[in-house]
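Trainee: Pasting a structure below so you can have a look.
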Amino acid sequence: MPHIALPEGQPGIRGAMAFRPETAKPLNDLVEVLLRGPNTLTPGERELIATYVSSLNDCYYCQTIHGAIAAAHLNGDEELVKKVKADFLHAAISDKLKALLVIAGKVQRGGKNVTAADVEHARSLGATDIEIHDTVLIAAAFCMYNRYVDGLGTTQPRDEALYRERGKLVARDGYVEVSKTYIPAITAR
Amino acid sequence: MPHIALPQDLPGISGGFAFRPETAKPMRELAHILLHEPSSLTPGERELIATYVSSQNNCYFCQASHGAAAACHLGGEEIVQQVKTDFQAAPVSPKLKALLAIAGKVQKDGKLVSAEDVGRARAKGATDVEIHDTVLIAAAFCMYNRYVDGLGAWQPRDASMYAEMGQHLAEEGYQKPSR
């Protein structure tokens with residue numbers, strides 16, 4: 001049971017966002033820019049970073065929904081998503097993305113763990129400053145989203161089919177658009 | 001030196017914000033709502049939560065700037081130091097102590113927050129919105145702190161700069177750059 005009276009029938013972050021539409025707006029705007037905005041990293045690559053960090057933080061809801069969204073962007077390749085979570089250095093992804101995942105993993109433990117050598121390695125494999133910036137911020141942001149979802153004790157159903165369907169929907173329509181279906185209009189408190 | 005080419009002379013998160021205005025906008029809005037807009041927790045109480053979490057994450061820039069904002073709201077730096085060192089002994093309300101205990105758990109891992117932690121806060125008068133906002137402030141500062149440190153942002157050791165920044169944040173909030 002959630003720690004506070006979240007609206008029923010909305011699992012994970014959706015219940016929390018429906019509870020507090022004021023903060024839901026920038027939370028959705030941020031994830032939309034980071035994971036779907038114009039970028040030289042594909043939406044699939046960025047969802048893999050989000051999924052990997054969420055798995056390190058052991059947040060069931062976030063790693064499952066973002067894993068499903070990643071798979072939807074990557075031709076339904078759920079095996080690739082699993083491989084990135086388990087052992088990304090041996091996954092079928094670019095060397096550049098592997099170097100960015102190393103940085104993301106260090107940010108997850110604490111930003112100060114990122115070294116000049118980590119950044120130089122990513123750059124030598126073609127990463128741009130914006131890609132490095134966005135990797136750091138995606139990793140940092142999921143340290144927020146994961147704690148928000150777990151810290152409120154949100155409901156996180158163990159039903160992968162549910163996440164798979166939702167993942168296709170979010171991959172198609174985006175975070176902000178889909179949020180309009182479950183977040184009430186902001187009213188004066 | 002920062003890990004990427006951030007605009008020079010902008011300390012801490014300001015460099016990341018100027019480098020990438022597209023992500024700065026929602027990050028500023030989130031901080032503004034959580035820390036500055038009307039709430040049954042005072043801005044000073046909310047800045048103390050942000051400062052405490054930033055100190056637990058050992059982020060110099062964030063704990064100095066939000067500590068300065070908290071000091072500005074609360075009329076002194078001593079209470080800020082006390083909250084960072086040992087909030088249970090600090091002169092803050094029992095409700096805020098219970099919320100700080102929740103924030104400290106969120107900083108480590110959201111799953112550590114227990115029904116007992118929440119029950120204790122509620123027994124001291126905390127509302128569901130206050131508990132929600134405490135969890136989200138703590139979670140959000142786990143983002144801001146990692147963002148600042150992960151980019152290797154410039155974090156000057158300059159007390160007067162943070163005092164000035166804290167006053168700006170206390171008065172104006174987070175929508176506009178402080179310098």
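Following the order of the structure tokens, chains are lettered A, B, ..., residues in each are numbered from 1, and ligands are numbered from 1.
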Taking only C-alpha atoms into account, report as a VMD selection string which residues of chain B lie within 7 Å of chain A.
Mentor: chain B and resid 3 to 4 23 26 to 27 29 to 30 33 106 109 to 111 113 115 118 128 135 to 136 139 to 140 142 to 143 146 to 147 149 to 150
Trainee: Give me, as a tab-separated table, the closest atom pair and its distance (Å, one decimal) for every residue of region 94-177 of chain B within a cut-off of 7 Å of region 56-73 of chain B, counting only C-alpha atoms, rows sorted by chain and rising number.
Mentor:
```
residue	atom	partner	partner_atom	distance
B:Asn145	CA	B:Cys59	CA	5.7
B:Asp149	CA	B:Cys59	CA	6.8
B:Gln155	CA	B:Phe61	CA	5.5
B:Tyr162	CA	B:Ser65	CA	5.2
B:Ala163	CA	B:Ala68	CA	5.4
B:Met165	CA	B:Ser65	CA	6.5
B:Gly166	CA	B:Ala69	CA	3.8
B:Gln167	CA	B:Ala69	CA	5.9
B:Leu169	CA	B:Ala69	CA	6.0
B:Ala170	CA	B:Ala69	CA	5.2
```
Trainee: Please save N, CA and C atoms of the selected residues as a PDB file, in the first residue's frame.
Mentor:
```pdb
ATOM      1  N   ASN B 145      22.227  17.212  -7.135  1.00  0.00           N
ATOM      2  CA  ASN B 145      23.575  16.982  -6.599  1.00  0.00           C
ATOM      3  C   ASN B 145      24.433  16.181  -7.579  1.00  0.00           C
ATOM      4  N   ASP B 149      27.857  17.525  -9.539  1.00  0.00           N
ATOM      5  CA  ASP B 149      29.125  16.812  -9.337  1.00  0.00           C
ATOM      6  C   ASP B 149      29.520  15.995 -10.568  1.00  0.00           C
ATOM      7  N   GLN B 155      32.865  24.855  -8.426  1.00  0.00           N
ATOM      8  CA  GLN B 155      32.190  25.066  -7.143  1.00  0.00           C
ATOM      9  C   GLN B 155      33.095  25.893  -6.245  1.00  0.00           C
ATOM     10  N   TYR B 162      28.002  32.741  -1.961  1.00  0.00           N
ATOM     11  CA  TYR B 162      26.836  31.920  -1.602  1.00  0.00           C
ATOM     12  C   TYR B 162      25.817  32.729  -0.803  1.00  0.00           C
ATOM     13  N   ALA B 163      26.301  33.660   0.035  1.00  0.00           N
ATOM     14  CA  ALA B 163      25.377  34.492   0.816  1.00  0.00           C
ATOM     15  C   ALA B 163      24.512  35.334  -0.128  1.00  0.00           C
ATOM     16  N   MET B 165      23.923  34.665  -3.327  1.00  0.00           N
ATOM     17  CA  MET B 165      23.070  33.744  -4.075  1.00  0.00           C
ATOM     18  C   MET B 165      21.887  33.303  -3.225  1.00  0.00           C
ATOM     19  N   GLY B 166      22.147  32.993  -1.954  1.00  0.00           N
ATOM     20  CA  GLY B 166      21.087  32.556  -1.059  1.00  0.00           C
ATOM     21  C   GLY B 166      20.012  33.610  -0.902  1.00  0.00           C
ATOM     22  N   GLN B 167      20.445  34.875  -0.818  1.00  0.00           N
ATOM     23  CA  GLN B 167      19.470  35.958  -0.686  1.00  0.00           C
ATOM     24  C   GLN B 167      18.601  36.059  -1.944  1.00  0.00           C
ATOM     25  N   LEU B 169      17.915  33.618  -4.061  1.00  0.00           N
ATOM     26  CA  LEU B 169      17.026  32.452  -4.107  1.00  0.00           C
ATOM     27  C   LEU B 169      15.882  32.607  -3.117  1.00  0.00           C
ATOM     28  N   ALA B 170      16.186  33.121  -1.922  1.00  0.00           N
ATOM     29  CA  ALA B 170      15.150  33.292  -0.902  1.00  0.00           C
ATOM     30  C   ALA B 170      14.108  34.309  -1.345  1.00  0.00           C
TER      31      ALA B 170
END
```
Trainee: Pick out the closest residue to Arg164 (chain A) from this set: A:Arg46, A:His66, A:Lys82, A:Lys180. Count only C-alpha atoms.
Mentor: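 Ranked by minimum distance to Arg164 (chain A), first place goes to A:His66.
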Trainee: Could you write out, as a PyMOL selection string, all the residues of region 24-152 of chain B that DSSP marks as alpha helix (DSSP H)?
Mentor: chain B and resi 24-31+43-56+60-74+78-86+94-108+115-123+128-150
Trainee: Could you dump the residues just selected with C-alpha atoms as a compact mmCIF listing (two decimals), in the first residue's frame?
Mentor:
```
# COMPACT_ATOMS: atom_id res chain seq x y z
CA ALA B 24 17.16 23.92 -17.38
CA LYS B 25 13.56 25.08 -17.78
CA PRO B 26 11.76 22.10 -16.18
CA MET B 27 14.55 21.74 -13.57
CA ARG B 28 14.08 25.38 -12.53
CA GLU B 29 10.29 25.01 -12.47
CA LEU B 30 10.50 21.92 -10.29
CA ALA B 31 12.77 23.62 -7.72
CA PRO B 43 10.34 27.99 2.49
CA GLY B 44 12.93 27.86 5.29
CA GLU B 45 11.83 24.34 6.30
CA ARG B 46 11.92 23.15 2.70
CA GLU B 47 15.38 24.69 2.11
CA LEU B 48 16.58 22.85 5.24
CA ILE B 49 15.41 19.54 3.73
CA ALA B 50 17.23 20.39 0.46
CA THR B 51 20.37 21.41 2.35
CA TYR B 52 20.35 18.30 4.53
CA VAL B 53 20.02 15.95 1.54
CA SER B 54 22.74 17.86 -0.35
CA SER B 55 25.05 17.51 2.63
CA GLN B 56 24.32 13.77 2.83
CA TYR B 60 29.47 21.40 -1.87
CA PHE B 61 27.72 23.83 -4.21
CA CYS B 62 24.18 22.66 -3.44
CA GLN B 63 24.57 22.53 0.32
CA ALA B 64 26.27 25.95 0.38
CA SER B 65 23.73 27.70 -1.85
CA HIS B 66 20.62 26.11 -0.34
CA GLY B 67 22.10 26.46 3.14
CA ALA B 68 22.48 30.19 2.43
CA ALA B 69 18.89 30.39 1.20
CA ALA B 70 17.70 28.57 4.33
CA ALA B 71 19.75 30.93 6.56
CA CYS B 72 18.19 33.89 4.80
CA HIS B 73 14.65 32.59 5.41
CA LEU B 74 15.40 31.60 9.02
CA GLU B 78 23.54 28.33 13.05
CA ILE B 79 20.33 26.38 12.64
CA VAL B 80 21.49 25.28 9.18
CA GLN B 81 24.73 23.89 10.59
CA GLN B 82 22.85 22.14 13.38
CA VAL B 83 20.46 20.47 10.95
CA LYS B 84 23.36 19.24 8.81
CA THR B 85 25.30 17.92 11.81
CA ASP B 86 22.53 16.48 14.01
CA PRO B 94 9.18 17.54 15.82
CA LYS B 95 7.26 17.39 12.53
CA LEU B 96 10.26 18.67 10.56
CA LYS B 97 12.53 16.20 12.35
CA ALA B 98 10.23 13.35 11.29
CA LEU B 99 10.26 14.67 7.71
CA LEU B 100 14.06 14.97 7.74
CA ALA B 101 14.25 11.32 8.84
CA ILE B 102 12.18 10.39 5.77
CA ALA B 103 14.34 12.60 3.52
CA GLY B 104 17.49 10.92 4.84
CA LYS B 105 16.11 7.51 3.94
CA VAL B 106 15.06 8.63 0.45
CA GLN B 107 18.61 9.94 -0.07
CA LYS B 108 19.95 6.43 0.50
CA ALA B 115 5.17 2.81 7.18
CA GLU B 116 6.46 3.60 10.71
CA ASP B 117 8.48 6.58 9.42
CA VAL B 118 5.40 7.94 7.69
CA GLY B 119 3.16 7.16 10.69
CA ARG B 120 5.53 9.08 12.98
CA ALA B 121 5.50 12.13 10.68
CA ARG B 122 1.72 12.00 10.50
CA ALA B 123 1.49 11.75 14.30
CA ASP B 128 0.01 13.75 2.82
CA VAL B 129 1.12 16.66 0.62
CA GLU B 130 3.93 17.49 3.07
CA ILE B 131 5.08 13.87 3.07
CA HIS B 132 4.86 13.76 -0.73
CA ASP B 133 6.84 16.97 -1.10
CA THR B 134 9.49 15.81 1.39
CA VAL B 135 10.02 12.61 -0.61
CA LEU B 136 10.19 14.56 -3.87
CA ILE B 137 12.52 17.28 -2.51
CA ALA B 138 14.89 14.57 -1.27
CA ALA B 139 14.65 12.67 -4.56
CA ALA B 140 15.11 15.84 -6.63
CA PHE B 141 18.26 16.81 -4.74
CA CYS B 142 19.66 13.36 -5.46
CA MET B 143 19.32 14.53 -9.08
CA TYR B 144 20.60 18.12 -8.72
CA ASN B 145 23.58 16.98 -6.60
CA ARG B 146 24.62 14.29 -9.09
CA TYR B 147 24.16 16.68 -12.00
CA VAL B 148 26.47 19.30 -10.45
CA ASP B 149 29.12 16.81 -9.34
CA GLY B 150 28.82 14.54 -12.39
```
Trainee: With a distance cut-off of 8 Å and only C-alpha atoms, select the neighbouring residues of Gln63 (chain A), excluding the residue or stretch itself and same-chain residues fewer than 6 positions from it, and output the selection as a ChimeraX atom specification.
Mentor: /A:50-55
Trainee: What's the separation between CA of Tyr163 (chain A) and CA of Ala99 (chain A), in Å to one decimal place?
Mentor: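 Answer for the CA of Tyr163 (chain A) to CA of Ala99 (chain A) separation: 28.2 Å.
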Trainee: Determine, counting only C-alpha atoms, which protein, DNA and RNA residues have an atom within 10 Å of an atom of Arg158 (chain A); residues of the same chain fewer than 2 positions away are not included. Present the result as an mmCIF file with C-alpha atoms, in the first residue's frame.
Mentor:
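Dumped everything to selection-v1.cif:
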```
data_model
loop_
_atom_site.group_PDB
_atom_site.id
_atom_site.type_symbol
_atom_site.label_atom_id
_atom_site.label_comp_id
_atom_site.auth_asym_id
_atom_site.auth_seq_id
_atom_site.Cartn_x
_atom_site.Cartn_y
_atom_site.Cartn_z
ATOM 1 C CA TYR A 60 10.986 -2.385 -10.397
ATOM 2 C CA TYR A 61 8.437 -0.031 -11.915
ATOM 3 C CA THR A 64 10.279 -2.395 -16.344
ATOM 4 C CA THR A 155 1.943 0.152 -6.351
ATOM 5 C CA GLN A 156 4.205 -1.673 -8.820
ATOM 6 C CA GLU A 160 5.219 -7.651 -17.647
ATOM 7 C CA ALA A 161 2.443 -7.735 -20.252
ATOM 8 C CA LEU A 162 0.948 -4.602 -18.717
ATOM 9 C CA TYR A 163 4.277 -2.735 -19.037
#
```
Trainee: Tell me which protein, DNA and RNA residues are within 8 Å of region 167-169 of chain A, counting only C-alpha atoms, leaving out same-chain ones fewer than 3 positions away, and put them as a ChimeraX atom specification.
Mentor: /A:65-70,72,163-164,172-174,178
Trainee: Any idea what's packed within 8 Å of Tyr182 (chain A), counting only C-alpha atoms, ignoring anything in its chain fewer than 4 positions away? Could you give it as a list in words?
Mentor: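 Everything that qualifies: Gln10, Arg14, Ala18 and Val178 of chain A.
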Trainee: Write a file of the just-selected residues containing C-alpha atoms, as a tab-separated table (two decimals), in the first residue's frame.
Mentor:
```
chain	number	residue	atom	x	y	z
A	10	GLN	CA	-2.55	4.33	-11.31
A	14	ARG	CA	1.46	7.83	-12.45
A	18	ALA	CA	-1.96	12.38	-10.44
A	178	VAL	CA	0.15	10.27	-22.40
```
